[in-house]
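S.K.: If it helps, the file is called structure-v2.cif and holds mmCIF, C-alpha atoms:
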```cif
data_entry
#
loop_
_atom_site.label_atom_id
_atom_site.label_comp_id
_atom_site.auth_asym_id
_atom_site.auth_seq_id
_atom_site.Cartn_x
_atom_site.Cartn_y
_atom_site.Cartn_z
CA MET D 1 124.15 -88.06 13.69
CA PRO D 2 121.90 -90.53 11.85
CA ARG D 3 118.90 -88.47 13.08
CA ILE D 4 120.20 -85.28 11.45
CA ARG D 5 120.76 -87.09 8.19
CA PHE D 6 117.18 -88.32 8.17
CA HIS D 7 115.87 -84.77 8.46
CA LYS D 8 118.02 -83.61 5.65
CA LEU D 9 116.87 -86.45 3.52
CA ALA D 10 113.19 -85.63 4.24
CA ALA D 11 113.72 -81.98 3.33
CA ILE D 12 115.33 -82.92 0.07
CA VAL D 13 112.42 -85.20 -0.83
CA VAL D 14 109.84 -82.43 -0.11
CA LEU D 15 111.81 -79.94 -2.18
CA ILE D 16 112.01 -82.33 -5.12
CA GLY D 17 108.19 -82.94 -4.95
CA PHE D 18 107.37 -79.23 -4.88
CA ALA D 19 109.63 -78.61 -7.86
CA ALA D 20 107.88 -81.33 -9.79
CA TRP D 21 104.43 -79.80 -9.04
CA MET D 22 105.60 -76.37 -10.16
CA ALA D 23 106.73 -77.93 -13.39
CA THR D 24 103.19 -79.23 -14.15
CA GLY D 25 101.63 -75.68 -14.06
CA GLU D 26 98.48 -76.86 -12.28
CA PHE D 27 98.78 -74.06 -9.71
CA SER D 28 97.65 -71.53 -12.34
CA SER D 29 94.25 -73.22 -12.67
CA VAL D 30 93.18 -72.67 -9.03
CA GLY D 31 91.97 -69.06 -9.49
CA SER D 32 90.58 -69.71 -12.93
CA ALA D 33 88.67 -72.68 -11.64
CA ALA D 34 86.98 -70.46 -9.09
CA VAL D 35 86.09 -67.96 -11.81
CA ASP D 36 84.82 -70.68 -14.09
CA HIS D 37 82.73 -72.05 -11.24
CA GLN D 38 81.21 -68.58 -10.69
CA LYS D 39 80.46 -68.21 -14.39
CA ALA D 40 78.97 -71.62 -14.45
CA GLY D 41 76.73 -70.58 -11.58
CA GLU D 42 75.35 -67.46 -13.32
CA PRO D 43 73.08 -69.34 -15.73
CA ALA D 44 71.79 -71.36 -12.83
CA LYS D 45 70.84 -68.24 -10.94
CA ALA D 46 69.16 -66.78 -14.00
CA GLN D 47 67.34 -70.02 -14.48
CA ASP D 48 66.26 -69.97 -10.81
CA ALA D 49 65.02 -66.39 -11.20
CA GLY D 50 62.69 -67.51 -13.97
CA LYS D 51 61.12 -70.07 -11.71
CA PRO D 52 58.31 -69.08 -9.21
CA LYS D 53 59.55 -68.50 -5.70
CA ALA D 54 58.85 -71.04 -3.04
CA GLU D 55 55.42 -70.61 -1.49
CA ALA D 56 55.32 -68.45 1.74
CA GLU D 57 54.62 -70.06 5.05
CA PRO D 58 50.83 -70.71 5.46
CA LYS D 59 48.93 -68.08 7.55
CA ALA D 60 47.40 -69.02 10.85
CA PRO D 61 43.66 -69.77 10.47
CA LEU D 62 41.32 -66.87 11.28
CA ARG D 63 39.66 -67.03 14.67
CA THR D 64 35.96 -67.79 14.48
CA VAL D 65 33.59 -65.59 16.48
CA ALA D 66 29.82 -65.71 16.87
CA VAL D 67 28.08 -62.51 15.85
CA VAL D 68 24.53 -61.20 15.87
CA THR D 69 22.79 -58.12 14.47
CA PRO D 70 20.05 -57.60 17.07
CA PRO D 71 16.80 -55.83 16.26
CA ARG D 72 16.65 -52.23 17.39
CA LYS D 73 13.78 -50.86 19.46
CA THR D 74 12.85 -47.70 21.32
CA TYR D 75 13.44 -48.12 25.04
CA ALA D 76 12.68 -45.72 27.86
CA ARG D 77 15.90 -44.85 29.62
CA ALA D 78 15.80 -46.12 33.21
CA ILE D 79 17.67 -44.27 35.95
CA ARG D 80 17.70 -46.01 39.32
CA ILE D 81 18.67 -44.20 42.50
CA SER D 82 18.35 -44.91 46.22
CA GLY D 83 16.25 -42.61 48.36
CA LEU D 84 13.84 -42.13 51.24
CA THR D 85 10.20 -41.24 51.60
CA GLU D 86 9.32 -38.10 53.50
CA ALA D 87 6.27 -36.00 54.29
CA ASP D 88 5.24 -33.34 51.82
CA LYS D 89 5.00 -30.93 54.78
CA ARG D 90 6.13 -31.23 58.38
CA ALA D 91 5.47 -28.70 61.12
CA VAL D 92 6.39 -28.62 64.79
CA LEU D 93 3.61 -26.72 66.56
CA ALA D 94 4.50 -24.51 69.53
CA THR D 95 2.76 -22.10 71.88
CA ARG D 96 3.15 -18.34 71.53
CA VAL D 97 2.57 -17.68 75.22
CA ALA D 98 3.14 -19.59 78.46
CA GLY D 99 0.24 -21.22 80.27
CA VAL D 100 -1.56 -24.35 81.40
CA ILE D 101 -3.13 -26.68 78.83
CA GLU D 102 -6.90 -26.51 79.19
CA LYS D 103 -7.94 -28.26 75.96
CA LEU D 104 -6.10 -30.99 74.02
CA PRO D 105 -8.64 -32.44 71.57
CA VAL D 106 -6.13 -34.42 69.45
CA LYS D 107 -3.93 -37.44 69.92
CA GLN D 108 -1.26 -39.20 67.88
CA GLY D 109 -2.55 -40.54 64.56
CA ASP D 110 -5.55 -38.17 64.34
CA HIS D 111 -6.29 -36.57 60.98
CA VAL D 112 -6.97 -32.84 61.14
CA LYS D 113 -8.06 -30.13 58.74
CA THR D 114 -6.66 -26.66 58.31
CA GLY D 115 -7.75 -24.50 61.26
CA ASP D 116 -8.74 -27.37 63.59
CA LEU D 117 -7.93 -26.75 67.26
CA VAL D 118 -4.94 -28.75 68.43
CA LEU D 119 -4.42 -27.20 71.87
CA MET D 120 -5.73 -24.34 74.02
CA LEU D 121 -4.20 -22.81 77.12
CA ALA D 122 -6.30 -21.60 80.05
CA ALA D 123 -7.34 -18.00 79.36
CA GLU D 124 -10.28 -16.93 81.56
CA GLU D 125 -9.24 -13.27 81.72
CA LYS D 126 -8.68 -13.05 77.99
CA ILE D 127 -12.04 -14.65 77.26
CA SER D 128 -13.72 -12.15 79.56
CA MET D 129 -11.94 -9.25 77.85
CA ARG D 130 -13.06 -10.49 74.46
CA ASP D 131 -16.68 -10.90 75.58
CA ASN D 132 -16.70 -7.37 77.01
CA ALA D 133 -15.25 -6.03 73.80
CA LYS D 134 -18.03 -7.76 71.84
CA GLN D 135 -20.69 -6.14 74.02
CA LEU D 136 -19.09 -2.74 73.62
CA VAL D 137 -19.09 -3.15 69.83
CA ALA D 138 -22.80 -4.04 69.94
CA GLN D 139 -23.52 -0.96 72.07
CA ARG D 140 -21.56 1.39 69.79
CA GLN D 141 -23.33 -0.05 66.77
CA ALA D 142 -26.73 0.62 68.35
CA GLU D 143 -25.70 4.20 69.15
CA LEU D 144 -24.61 4.76 65.54
CA ASP D 145 -27.88 3.36 64.19
CA ALA D 146 -29.86 5.74 66.46
CA SER D 147 -27.73 8.68 65.36
CA LEU D 148 -28.38 7.87 61.71
CA ARG D 149 -32.17 7.88 62.27
CA LEU D 150 -31.98 11.25 64.03
CA MET D 151 -29.77 12.62 61.30
CA LYS D 152 -32.39 11.74 58.71
CA THR D 153 -35.07 13.70 60.62
CA GLY D 154 -32.73 16.66 61.02
CA ASN D 155 -32.65 16.45 64.81
CA LEU D 156 -28.94 15.52 65.16
CA PRO D 157 -25.94 17.62 64.28
CA LYS D 158 -23.46 16.07 61.88
CA LEU D 159 -20.68 16.33 64.50
CA GLN D 160 -22.48 13.94 66.83
CA LEU D 161 -22.91 11.45 64.00
CA ASP D 162 -19.16 11.53 63.35
CA THR D 163 -18.53 10.92 67.04
CA ALA D 164 -20.79 7.86 67.03
CA ARG D 165 -18.91 6.45 64.09
CA SER D 166 -15.54 7.00 65.79
CA ASN D 167 -16.76 5.27 68.94
CA LEU D 168 -17.79 2.21 66.94
CA THR D 169 -14.43 2.07 65.17
CA LEU D 170 -12.60 2.24 68.50
CA ALA D 171 -14.74 -0.51 69.99
CA GLN D 172 -14.10 -2.77 66.99
CA SER D 173 -10.37 -2.20 67.36
CA GLN D 174 -10.53 -3.19 71.02
CA LEU D 175 -12.40 -6.37 70.09
CA ASP D 176 -9.75 -7.28 67.51
CA THR D 177 -7.03 -6.80 70.12
CA ALA D 178 -8.84 -8.92 72.69
CA GLN D 179 -9.44 -11.65 70.11
CA ALA D 180 -5.77 -11.63 69.07
CA GLU D 181 -4.67 -12.02 72.69
CA LEU D 182 -7.02 -14.96 73.08
CA ASP D 183 -5.80 -16.54 69.84
CA ARG D 184 -2.29 -16.59 71.25
CA ASN D 185 -3.52 -19.19 73.71
CA GLU D 186 -4.68 -21.47 70.91
CA VAL D 187 -2.67 -23.76 68.63
CA LYS D 188 -4.41 -24.71 65.36
CA ALA D 189 -3.51 -26.97 62.44
CA PRO D 190 -1.75 -24.98 59.68
CA PHE D 191 -2.69 -27.53 56.96
CA ASP D 192 -4.51 -30.81 56.42
CA GLY D 193 -2.48 -33.66 57.86
CA VAL D 194 -1.99 -36.25 60.55
CA ILE D 195 -0.84 -35.65 64.11
CA ASP D 196 2.41 -37.59 64.43
CA ARG D 197 3.56 -36.64 67.94
CA VAL D 198 2.02 -35.04 71.03
CA PRO D 199 4.69 -34.64 73.74
CA VAL D 200 2.42 -32.86 76.27
CA GLU D 201 -0.52 -33.83 78.47
CA LEU D 202 -3.78 -32.12 79.38
CA GLY D 203 -3.32 -29.85 82.43
CA SER D 204 0.47 -29.59 82.08
CA SER D 205 2.25 -26.25 81.99
CA VAL D 206 4.19 -25.15 78.92
CA MET D 207 6.65 -22.35 78.32
CA GLN D 208 6.36 -19.81 75.55
CA GLY D 209 7.64 -21.48 72.36
CA GLY D 210 7.31 -24.96 73.84
CA GLU D 211 6.68 -27.86 71.42
CA VAL D 212 3.18 -29.28 71.76
CA ALA D 213 2.62 -31.38 68.60
CA THR D 214 4.07 -32.47 65.26
CA ILE D 215 1.85 -32.55 62.17
CA LEU D 216 2.67 -34.24 58.86
CA LYS D 217 1.14 -33.93 55.42
CA LEU D 218 1.44 -37.36 53.80
CA ASP D 219 -0.72 -36.84 50.75
CA PRO D 220 1.24 -36.74 48.59
CA VAL D 221 4.20 -38.48 50.17
CA ILE D 222 7.57 -37.57 48.68
CA ALA D 223 10.31 -39.95 47.53
CA ARG D 224 13.60 -38.06 47.63
CA GLY D 225 16.90 -39.09 46.03
CA GLU D 226 20.08 -37.76 44.45
CA ILE D 227 20.80 -38.01 40.72
CA SER D 228 24.23 -37.81 39.08
CA GLU D 229 25.24 -34.93 36.86
CA ARG D 230 25.56 -37.37 33.95
CA ASP D 231 21.86 -38.30 34.15
CA LEU D 232 20.55 -34.82 34.91
CA GLY D 233 19.96 -33.96 31.26
CA TYR D 234 17.66 -36.93 30.73
CA LEU D 235 15.00 -35.78 33.24
CA LYS D 236 12.29 -33.16 33.21
CA LEU D 237 9.45 -32.15 35.50
CA GLY D 238 6.36 -34.31 35.07
CA ASP D 239 8.24 -37.51 34.19
CA LYS D 240 6.75 -40.69 35.61
CA ALA D 241 8.63 -42.70 38.22
CA ASN D 242 8.21 -46.06 39.92
CA VAL D 243 9.14 -46.28 43.59
CA ARG D 244 9.82 -49.66 45.19
CA LEU D 245 9.74 -49.53 48.97
CA VAL D 246 11.87 -51.72 51.20
CA SER D 247 8.64 -53.47 52.23
CA GLY D 248 8.23 -54.69 48.64
CA GLN D 249 5.36 -52.32 47.82
CA THR D 250 5.65 -50.54 44.46
CA VAL D 251 3.95 -47.21 43.83
CA GLU D 252 3.94 -44.70 40.99
CA GLY D 253 4.64 -41.00 41.20
CA THR D 254 5.59 -37.91 39.23
CA VAL D 255 8.79 -35.89 39.26
CA ARG D 256 7.85 -32.55 40.83
CA TYR D 257 11.25 -31.04 41.62
CA ILE D 258 14.78 -31.21 40.17
CA SER D 259 17.44 -29.19 41.94
CA ARG D 260 19.69 -26.93 39.89
CA ASP D 261 22.30 -26.63 42.62
CA ALA D 262 24.59 -29.64 43.00
CA SER D 263 25.76 -30.87 46.37
CA SER D 264 29.31 -29.67 46.92
CA ALA D 265 30.25 -32.99 48.55
CA THR D 266 28.78 -35.50 46.07
CA ARG D 267 28.16 -33.41 42.92
CA THR D 268 24.63 -34.81 42.76
CA PHE D 269 21.26 -33.11 42.36
CA ARG D 270 18.18 -33.55 44.56
CA VAL D 271 15.11 -35.05 42.90
CA GLU D 272 11.63 -35.28 44.42
CA VAL D 273 8.87 -37.62 43.27
CA ALA D 274 5.30 -36.92 44.46
CA ILE D 275 3.30 -40.10 45.20
CA PRO D 276 -0.48 -39.99 45.77
CA ASN D 277 -1.13 -41.30 49.28
CA GLY D 278 -4.76 -40.63 50.13
CA ASP D 279 -5.02 -43.75 52.27
CA GLY D 280 -1.77 -43.02 54.09
CA SER D 281 -0.35 -46.46 53.25
CA VAL D 282 3.11 -45.07 52.44
CA PRO D 283 4.87 -43.83 55.59
CA ALA D 284 7.59 -41.20 55.76
CA GLY D 285 11.20 -42.20 56.38
CA MET D 286 11.12 -45.54 54.50
CA THR D 287 14.03 -46.66 52.29
CA ALA D 288 13.06 -46.75 48.62
CA GLU D 289 14.50 -47.42 45.17
CA ILE D 290 13.41 -44.76 42.69
CA GLN D 291 13.29 -45.75 39.03
CA LEU D 292 12.99 -42.73 36.78
CA SER D 293 11.76 -43.15 33.21
CA ALA D 294 13.57 -40.61 31.05
CA LEU D 295 13.27 -39.79 27.35
CA PRO D 296 13.08 -42.90 25.09
CA THR D 297 16.13 -43.79 22.98
CA ASP D 298 17.06 -46.19 20.21
CA ALA D 299 18.85 -49.24 21.68
CA VAL D 300 19.33 -53.02 21.57
CA LEU D 301 18.87 -55.79 24.14
CA LEU D 302 21.96 -57.98 24.62
CA PRO D 303 23.33 -60.49 27.15
CA ARG D 304 25.54 -59.05 29.89
CA SER D 305 28.44 -61.22 28.72
CA VAL D 306 28.97 -59.13 25.56
CA VAL D 307 30.19 -56.13 27.54
CA THR D 308 33.98 -55.90 27.72
CA LEU D 309 36.72 -53.37 28.40
CA GLY D 310 38.39 -51.31 25.70
CA ASP D 311 42.06 -50.34 25.47
CA LYS D 312 41.34 -47.20 27.51
CA GLY D 313 39.41 -49.06 30.19
CA ASP D 314 35.95 -47.92 29.08
CA LEU D 315 33.00 -50.30 28.82
CA GLY D 316 31.83 -51.30 25.39
CA ILE D 317 31.24 -54.11 22.92
CA ARG D 318 33.34 -55.61 20.12
CA ALA D 319 31.80 -55.91 16.68
CA VAL D 320 32.86 -57.07 13.21
CA GLY D 321 32.91 -54.56 10.37
CA LYS D 322 32.33 -55.10 6.66
CA ASP D 323 36.03 -55.94 6.25
CA ASN D 324 35.69 -58.67 8.90
CA LYS D 325 37.94 -56.75 11.25
CA VAL D 326 37.19 -56.22 14.93
CA ALA D 327 36.10 -52.75 16.11
CA PHE D 328 35.28 -51.48 19.61
CA PHE D 329 32.23 -49.31 20.40
CA PRO D 330 31.68 -47.60 23.79
CA ILE D 331 28.19 -48.21 25.14
CA ASP D 332 25.47 -46.10 26.71
CA LEU D 333 23.68 -48.16 29.38
CA VAL D 334 19.99 -47.42 28.90
CA ASP D 335 18.59 -50.05 31.28
CA ASP D 336 19.56 -53.18 33.19
CA THR D 337 16.73 -55.68 32.98
CA PRO D 338 16.41 -59.28 34.21
CA THR D 339 16.67 -60.49 30.60
CA GLY D 340 19.78 -58.51 29.66
CA LEU D 341 21.30 -55.07 29.13
CA VAL D 342 19.64 -52.38 27.03
CA LEU D 343 22.54 -50.64 25.27
CA GLY D 344 22.65 -47.50 23.19
CA GLY D 345 25.42 -45.91 21.13
CA ILE D 346 25.90 -48.94 18.86
CA PRO D 347 25.81 -48.46 15.04
CA ALA D 348 22.77 -49.90 13.34
CA ASP D 349 24.72 -52.25 11.05
CA ALA D 350 27.18 -53.51 13.67
CA ARG D 351 27.61 -57.27 13.88
CA ILE D 352 28.11 -57.66 17.59
CA ILE D 353 30.38 -60.45 18.84
CA VAL D 354 28.49 -62.52 21.38
CA ALA D 355 31.04 -65.33 21.75
CA GLY D 356 34.83 -65.05 21.50
CA GLN D 357 35.08 -61.30 22.08
CA GLU D 358 37.65 -61.75 24.84
CA LEU D 359 39.98 -63.66 22.49
CA VAL D 360 40.32 -60.91 19.89
CA LYS D 361 41.36 -57.29 19.89
CA GLU D 362 40.67 -54.22 17.78
CA GLY D 363 41.96 -54.55 14.22
CA ASP D 364 42.10 -58.37 14.21
CA GLU D 365 40.66 -60.05 11.15
CA VAL D 366 38.23 -62.78 12.15
CA LYS D 367 35.81 -65.27 10.66
CA PRO D 368 32.30 -64.19 11.76
CA VAL D 369 29.59 -66.79 12.09
CA GLU D 370 25.99 -65.82 12.74
CA ALA D 371 24.94 -67.00 16.21
CA ASP D 372 21.77 -69.02 16.40
CA GLN D 373 18.95 -68.08 18.74
CA ALA D 374 19.76 -71.01 21.02
CA THR D 375 23.23 -69.60 21.67
CA ILE D 376 21.84 -66.16 22.43
CA ASN D 377 19.21 -67.59 24.77
CA LYS D 378 21.90 -69.59 26.55
CA LEU D 379 24.05 -66.50 27.05
CA ILE D 380 21.09 -64.53 28.37
CA GLY D 381 20.12 -67.38 30.68
CA GLU D 382 23.64 -67.62 32.10
CA ALA D 383 23.80 -63.85 32.64
CA THR D 384 20.40 -63.87 34.33
CA ALA D 385 21.36 -66.75 36.61
CA GLY D 386 24.56 -64.93 37.56
CA THR D 387 22.61 -61.95 38.88
CA GLN D 388 20.26 -63.95 41.08
#
```
Could I get this file's structure written as structure tokens?

M.R.:
Amino acid sequence: MPRIRFHKLAAIVVLIGFAAWMATGEFSSVGSAAVDHQKAGEPAKAQDAGKPKAEAEPKAPLRTVAVVTPPRKTYARAIRISGLTEADKRAVLATRVAGVIEKLPVKQGDHVKTGDLVLMLAAEEKISMRDNAKQLVAQRQAELDASLRLMKTGNLPKLQLDTARSNLTLAQSQLDTAQAELDRNEVKAPFDGVIDRVPVELGSSVMQGGEVATILKLDPVIARGEISERDLGYLKLGDKANVRLVSGQTVEGTVRYISRDASSATRTFRVEVAIPNGDGSVPAGMTAEIQLSALPTDAVLLPRSVVTLGDKGDLGIRAVGKDNKVAFFPIDLVDDTPTGLVLGGIPADARIIVAGQELVKEGDEVKPVEADQATINKLIGEATAGTQ
């Protein structure tokens, strides 16, 4: 009971306090105070608008890169391919008839001239037939000479003179046949060269078509290789070439043949370089590196470290333009020398980045600093050492 009275008393007190607050009228100033506060804030905003805005956040410092504008020179384009040396001509000599070897005047390593006897089969009967045919020709010739003398004196009919001439012609034909049969027993050198192989022995028997010797023409000796379709347009007949043999010997030759029919398997074209070899010092079948000197082109010499990959995966260099922004230029590899790469396809005024190119990308604004010669020499030295 006392608890209920306390609650009633508290309610009455709250009601009396609320009524007193209503009587003061202060509740009407709540909204107006908010409006007045907003109005009071308008001049402040206008005043703030007249003031300069706060400074933007400071930009990150530009990346510094070392650049160089290398001198341009005319370089001969070098195309290097692997190849082999081979004989200019190679012939496997064989017999045209069967028989026993009677003469074998050559051996391996001998030098022969065109028409030299390499081998002769026994041919007694054929020699006898040829000798008889020669005698018959001599006899018919004597008969014709006698007939001509008689004809001049008027003591021989013209018909007999014609018969003498026919007899001589027939005898000459028989001699030619006998000589041809004898020649079938002989094997002669078809060109100047060196005897490389003699698989038979004197007195042995050979079959018709049997191999009796191999002859090579090694002057000139030929260096043969395959060139890519990309490099084909840079070559022409008569271009000079350096050939480095696996033995370390270096010789010079001339391009004498460029195929116009690509290999279906490799899409490459056969190239032949003729090398003078009068002393026979360059053998056939030796591994060789062929360096072809193509048409000269305008290019620059740079360290290998400047070459990088573009967005599309192609090789090139990064350079700084006039606006100090990075640009990418694909390269044309002209030569790869011990002192650096000879590169074409680079604009003449390009400032090439030689240090820091891997830390920037196309379109970046950078702070270019000219590289000193010591830096360039260091880069070239490091690239050279890396290839050794």

S.K.: Pull the closest atom pair for each residue of stretch 211-283 of chain D that gets at most 12 Å from stretch 328-344 of chain D, along with the distance in Å to one decimal, counting all atoms listed in the file, ordering rows by chain and then ascending residue number, as a Markdown table.

M.R.:
```
| residue | atom | partner | partner_atom | distance |
| --- | --- | --- | --- | --- |
| D:Arg230 | CA | D:Asp332 | CA | 11.3 |
| D:Asp231 | CA | D:Val334 | CA | 10.7 |
| D:Tyr234 | CA | D:Val334 | CA | 10.9 |
```

S.K.: Expressed in Å to a single decimal, how great is the separation between atom CA of D:Glu358 and atom CA of D:Tyr75?

M.R.: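 Here the two named atoms are 27.8 Å from each other.
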
S.K.: Of the candidates D:Asp110, D:Glu186, D:Asp116, D:Glu289, which shows the shortest atom-to-atom distance to D:Gly248, using all atoms listed in the file?

M.R.: D:Glu289

S.K.: Measure the distance from atom CA of D:Gly99 to atom CA of D:Leu170 in Å and round it to one decimal.

M.R.: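 Calculated distance between atom CA of D:Gly99 and atom CA of D:Leu170 is 29.2 Å.
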
S.K.: Decode the PyMOL selection byres ((chain D and resi 121) around 6) for the given file into explicit residues and return them as JSON, numbers by chain.

M.R.: {"D": [99, 100, 101, 102, 120, 122, 185]}

S.K.: List, as a tab-separated table (two decimals) with C-alpha atoms, in the frame of the given file, every residue that the PyMOL selection byres ((chain D and resi 105) around 12) selects in the file provided.

M.R.:
```
chain	number	residue	atom	x	y	z
D	101	ILE	CA	-3.13	-26.68	78.83
D	102	GLU	CA	-6.90	-26.51	79.19
D	103	LYS	CA	-7.94	-28.26	75.96
D	104	LEU	CA	-6.10	-30.99	74.02
D	106	VAL	CA	-6.13	-34.42	69.45
D	107	LYS	CA	-3.93	-37.44	69.92
D	108	GLN	CA	-1.26	-39.20	67.88
D	110	ASP	CA	-5.55	-38.17	64.34
D	111	HIS	CA	-6.29	-36.57	60.98
D	112	VAL	CA	-6.97	-32.84	61.14
D	116	ASP	CA	-8.74	-27.37	63.59
D	117	LEU	CA	-7.93	-26.75	67.26
D	118	VAL	CA	-4.94	-28.75	68.43
D	119	LEU	CA	-4.42	-27.20	71.87
D	120	MET	CA	-5.73	-24.34	74.02
D	121	LEU	CA	-4.20	-22.81	77.12
D	186	GLU	CA	-4.68	-21.47	70.91
D	187	VAL	CA	-2.67	-23.76	68.63
D	188	LYS	CA	-4.41	-24.71	65.36
D	189	ALA	CA	-3.51	-26.97	62.44
D	195	ILE	CA	-0.84	-35.65	64.11
D	198	VAL	CA	2.02	-35.04	71.03
D	201	GLU	CA	-0.52	-33.83	78.47
D	202	LEU	CA	-3.78	-32.12	79.38
D	213	ALA	CA	2.62	-31.38	68.60
```

S.K.: Let me know the centre plus edge lengths, in Å and rounded to one decimal, of a box with edges along x, y and z that contains all listed atoms of stretch 273-277 of chain D and is padded by 6 Å on every side, as JSON.

M.R.:
```
{"center_x": 3.9, "center_y": -39.1, "center_z": 46.3, "size_x": 22.0, "size_y": 16.4, "size_z": 18.0}
```

S.K.: Excluding same-chain residues fewer than 2 positions from D:Ile227, what lies within 8 Å of it counting all atoms listed in the file, as a compact mmCIF listing (two decimals) with C-alpha atoms, in the coordinates of the input?

M.R.:
```txt
# COMPACT_ATOMS: atom_id res chain seq x y z
CA ILE D 81 18.67 -44.20 42.50
CA GLY D 225 16.90 -39.09 46.03
CA GLU D 229 25.24 -34.93 36.86
CA ASP D 231 21.86 -38.30 34.15
CA LEU D 232 20.55 -34.82 34.91
CA THR D 268 24.63 -34.81 42.76
CA PHE D 269 21.26 -33.11 42.36
CA ARG D 270 18.18 -33.55 44.56
CA VAL D 271 15.11 -35.05 42.90
```

S.K.: List every residue of stretch 55-162 of chain D that has an atom at most 12 Å from any atom of stretch 291-300 of chain D, giving for each one its closest atom pair and the distance in Å to one decimal, counting only C-alpha atoms, sorted by chain and then by ascending residue number, as a Markdown table.

M.R.:
```
| residue | atom | partner | partner_atom | distance |
| --- | --- | --- | --- | --- |
| D:Val68 | CA | D:Val300 | CA | 11.2 |
| D:Thr69 | CA | D:Val300 | CA | 9.4 |
| D:Pro70 | CA | D:Val300 | CA | 6.5 |
| D:Pro71 | CA | D:Val300 | CA | 6.5 |
| D:Arg72 | CA | D:Val300 | CA | 5.0 |
| D:Lys73 | CA | D:Asp298 | CA | 5.8 |
| D:Thr74 | CA | D:Asp298 | CA | 4.6 |
| D:Tyr75 | CA | D:Pro296 | CA | 5.2 |
| D:Ala76 | CA | D:Pro296 | CA | 4.0 |
| D:Arg77 | CA | D:Ala294 | CA | 5.0 |
| D:Ala78 | CA | D:Ser293 | CA | 5.0 |
| D:Ile79 | CA | D:Leu292 | CA | 5.0 |
| D:Arg80 | CA | D:Gln291 | CA | 4.4 |
| D:Ile81 | CA | D:Gln291 | CA | 6.6 |
| D:Ser82 | CA | D:Gln291 | CA | 8.8 |
| D:Gly83 | CA | D:Gln291 | CA | 10.3 |
```
